[in-house]
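See structure below.
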Amino acid sequence: MTSKFREQFHIPDQSAYLLNHSVGCLPKTAKEHFQNHFLEPWNQHGSGAWEHWLNNLTEFNAALANILNGEVQQFCPQVNLSSALTKVIGSLPAAPSGSHILLSERDFPSMGFVIQNLCKSFGLTARFIPEDTDLTDLNQWDEVLTDKTWLAFITHVQSNDSLRLPVAEITALTRQKQIISVVDIAQSAGIVPIDLKAWNADFVIGSSVKWLCGGPGSGYLWASPSAIEQCEPMDVGWFSHQDPMEFDIHHFEYAEGVRRFAGGTPSIMPFTLSAQSIRTLDRISSAVIFEHNQKLINLITDQINREMIRSPLEQDQRGGTLAISFKDDQKALEAMQRAGIACDRRSEGLRFSPHIYNMEEEADQLIEVIHSL
Ligand SMILES: Cc1ncc(COP(=O)(O)O)c(C=O)c1O
């Protein structure tokens, strides 16, 4: 089964590419799609390419809507998560004085930089959930989501150890307490099946560079219709306007939906490519991809010393990455590189992330190197 899917991707010339938490592999049809839907319209029509190019953005939104179970009009392309988060927080009505933004010490640092910077500008506090808190425990969330919490930042899957949070249950709490929720799906989109309708969050931000195999530059923002009504983005442009072709410098009106976050002339290239990548993964199906990923992870965890494993052993608490800690992580990394196993190193140890195109043989090869250390 795997080889059928493996043929659909360009895999780097290494024996085991396990860096899908960093950059997913390019689907083979993406190049031709890019040629036909970005370069050719430009070659043939010049400025007339815009009609085709704007349709590429709609297709990107539609591909996301299909794979994440959202509505196409709820997505707005963004450069990356940091920028999307900055725009979202900056667009909201002023927070009551004395309130805070809640985040975890385990969130991706860039998200923390954005939140702390904005808190400084807006006179808010960034309140961190301590690193050793069990983020899967709803009682802990119930405790930290206080009447002073204005916004809660929730990372679906942690990048260092792949811990997966029960987002639907956490957003049920934030809704009940009338706290704004922003969910980060950078490390889950494309690997863990996601149902945005079931989550019912206020905002969700993500990128395509990792498991979605879409390359850098094609981030996105999803917003619920009720949340969007109160947003007045600072970063606007003619594509944020209700009627971009009105061209009256004295009149600006926010577009009705999430398009108000579009800004000026949109970038097209990364989204044209990503749309095709996301469709390729969606055709395989998130459920099939995740099942395969977890099967390979289980193959590895079953055959190594459990004490080395830094990712959750329970499948319902884990994303697509397996973090393993060695006596000497640097030495282990060098051994992996010599063996042609592509992985990287973070605070929890080395990270290994199998995608649909990885094979059982590669898991066996990894087990062999681990045993040799
Ligand atoms: C959980 C998580 N959030 C966010 C990011 C990246 O954010 P940005 O798109 O702003 O670079 C990463 C990148 O590794 C990540 O793992």
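Chain labels A, B, ... are given in the sequence in which chains occur in the structure tokens; within each chain residues are numbered consecutively from 1, and ligands are likewise numbered from 1 in the order shown.
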
Residue neighbourhood Gly215 (chain A), 8 Å, only C-alpha atoms, exclusion window fewer than 5 positions, as a count of residues only: 9

Per residue of region 174-252 of chain A within 12 Å of region 64-82 of chain A, note the shortest atom pair and the distance in Å to one decimal, counting only C-alpha atoms, and order the rows by chain and increasing residue number, as a tab-separated table.
```
residue	atom	partner	partner_atom	distance
A:Val182	CA	A:Leu81	CA	10.9
A:Val183	CA	A:Leu81	CA	10.3
A:Asp184	CA	A:Leu81	CA	7.8
A:Ile185	CA	A:Leu81	CA	9.2
A:Ala186	CA	A:Leu81	CA	7.8
A:Gln187	CA	A:Leu81	CA	11.4
A:Ser188	CA	A:Leu68	CA	10.4
A:Ala189	CA	A:Leu68	CA	7.6
A:Gly190	CA	A:Ile67	CA	7.8
A:Ile191	CA	A:Ile67	CA	10.4
A:Val192	CA	A:Leu68	CA	9.8
A:Pro193	CA	A:Leu68	CA	7.4
A:Ile194	CA	A:Leu68	CA	5.2
A:Asp195	CA	A:Asn69	CA	5.1
A:Leu196	CA	A:Asn69	CA	5.6
A:Lys197	CA	A:Gly70	CA	6.1
A:Ala198	CA	A:Asn69	CA	8.7
A:Trp199	CA	A:Asn69	CA	10.2
A:Asn200	CA	A:Gly70	CA	10.0
A:Ala201	CA	A:Gly70	CA	11.4
A:Asp202	CA	A:Gln74	CA	10.9
A:Phe203	CA	A:Gln74	CA	9.8
A:Val204	CA	A:Phe75	CA	9.3
A:Ile205	CA	A:Leu81	CA	5.9
A:Gly206	CA	A:Leu81	CA	5.7
A:Ser207	CA	A:Asn80	CA	6.0
A:Ser208	CA	A:Asn80	CA	9.0
A:Val209	CA	A:Asn80	CA	9.5
A:Lys210	CA	A:Asn80	CA	11.9
A:Leu212	CA	A:Leu64	CA	9.8
A:Gly214	CA	A:Leu64	CA	11.4
A:Gly215	CA	A:Asn80	CA	11.2
A:Pro216	CA	A:Asn80	CA	8.1
A:Gly217	CA	A:Val79	CA	4.9
A:Ser218	CA	A:Val79	CA	5.6
A:Gly219	CA	A:Asn80	CA	4.5
A:Tyr220	CA	A:Pro77	CA	4.4
A:Leu221	CA	A:Cys76	CA	5.2
A:Trp222	CA	A:Phe75	CA	4.5
A:Ala223	CA	A:Gln74	CA	5.7
A:Ser224	CA	A:Gln74	CA	6.8
A:Pro225	CA	A:Gln74	CA	7.5
A:Ser226	CA	A:Gln74	CA	11.0
A:Ala227	CA	A:Gln74	CA	10.9
A:Ile228	CA	A:Gln74	CA	9.3
A:Asp235	CA	A:Gln78	CA	11.9
A:Phe239	CA	A:Cys76	CA	10.9
A:Ser240	CA	A:Cys76	CA	10.4
```

Just asking: which residues within region 69-296 of chain A are strand (DSSP E) according to DSSP, as a PyMOL selection string? chain A and resi 75-78+100-104+125-129+149-155+180-184+203-206+219-223

Of the listed residues A:Trp141, A:Phe247, A:Phe108, A:Tyr357, that which approaches Asn160 (chain A) most closely, counting only C-alpha atoms: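 That would be A:Phe108, the residue with the smallest distance to Asn160 (chain A).
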
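Distance annotation: of A:Val88, A:Phe271, A:Arg260, A:Ile154, the residue with the minimal separation from Gln242 (chain A) is A:Arg260; atom set is only C-alpha atoms.
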
Between A:Asn36, A:Ser97, A:Pro41, A:Val369, which has the minimum distance to Cys119 (chain A) (counting only C-alpha atoms)? A:Ser97

Spatial neighbours of Arg346 (chain A), 9 Å, only C-alpha atoms, chain gap at least 2 places, as a PyMOL selection string: chain A and resi 160-161+323+344+348-351

Selected residues written out with N, CA and C atoms, as a tab-separated table (two decimals), in the first residue's frame:
```tsv
chain	number	residue	atom	x	y	z
A	160	ASN	N	7.75	19.81	20.14
A	160	ASN	CA	8.93	19.08	20.67
A	160	ASN	C	8.66	17.61	20.95
A	161	ASP	N	7.50	17.32	21.57
A	161	ASP	CA	7.26	15.92	21.96
A	161	ASP	C	6.01	15.32	21.32
A	323	ALA	N	9.43	11.48	19.59
A	323	ALA	CA	10.65	12.08	20.15
A	323	ALA	C	11.34	11.03	21.02
A	344	ASP	N	15.84	15.48	13.34
A	344	ASP	CA	16.50	16.64	13.95
A	344	ASP	C	16.44	16.54	15.46
A	348	GLU	N	13.57	17.72	23.69
A	348	GLU	CA	13.15	16.40	24.18
A	348	GLU	C	13.99	15.26	23.61
A	349	GLY	N	14.89	15.58	22.72
A	349	GLY	CA	15.70	14.53	22.08
A	349	GLY	C	15.62	14.64	20.58
A	350	LEU	N	15.70	13.50	19.88
A	350	LEU	CA	15.62	13.54	18.41
A	350	LEU	C	14.17	13.33	17.99
A	351	ARG	N	13.79	13.97	16.88
A	351	ARG	CA	12.41	13.86	16.39
A	351	ARG	C	12.37	13.06	15.08
```

Running DSSP on the backbone, which parts of region 164-299 of chain A land in helix (DSSP H, G or I), as number ranges by chain? A: 167-176, 196-199, 225-228, 238-240, 258-261, 269-284, 286-299

A:Ile129, A:Ala94, A:Ile300, A:Val167 ranked by distance to Glu232 (chain A), top pick (using only C-alpha atoms):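 Of A:Ile129, A:Ala94, A:Ile300, A:Val167, the one nearest Glu232 (chain A), counting only C-alpha atoms, is A:Ala94.
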
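Between ligand 1 and the candidates A:Thr125, A:Gln116, A:Ser311, A:Asn20, the tightest atom-to-atom separation, counting only C-alpha atoms and all ligand atoms, involves A:Asn20.
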
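Of the residues under consideration (A:Asp142, A:Asp13, A:Asp107, A:Asp137), A:Asp107 shows the shortest atom-to-atom contact distance to ligand 1 when counting only C-alpha atoms and all ligand atoms.
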
Could you tell me how far CA of Val114 (chain A) lies from CA of Leu19 (chain A), in Å and to one decimal? 25.6 Å

For a test of reading the model, state the distance in Å between CA of Trp53 (chain A) and CA of His33 (chain A), rounded to one decimal.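 CA of His33 (chain A) lies at a distance of 12.4 Å from CA of Trp53 (chain A).
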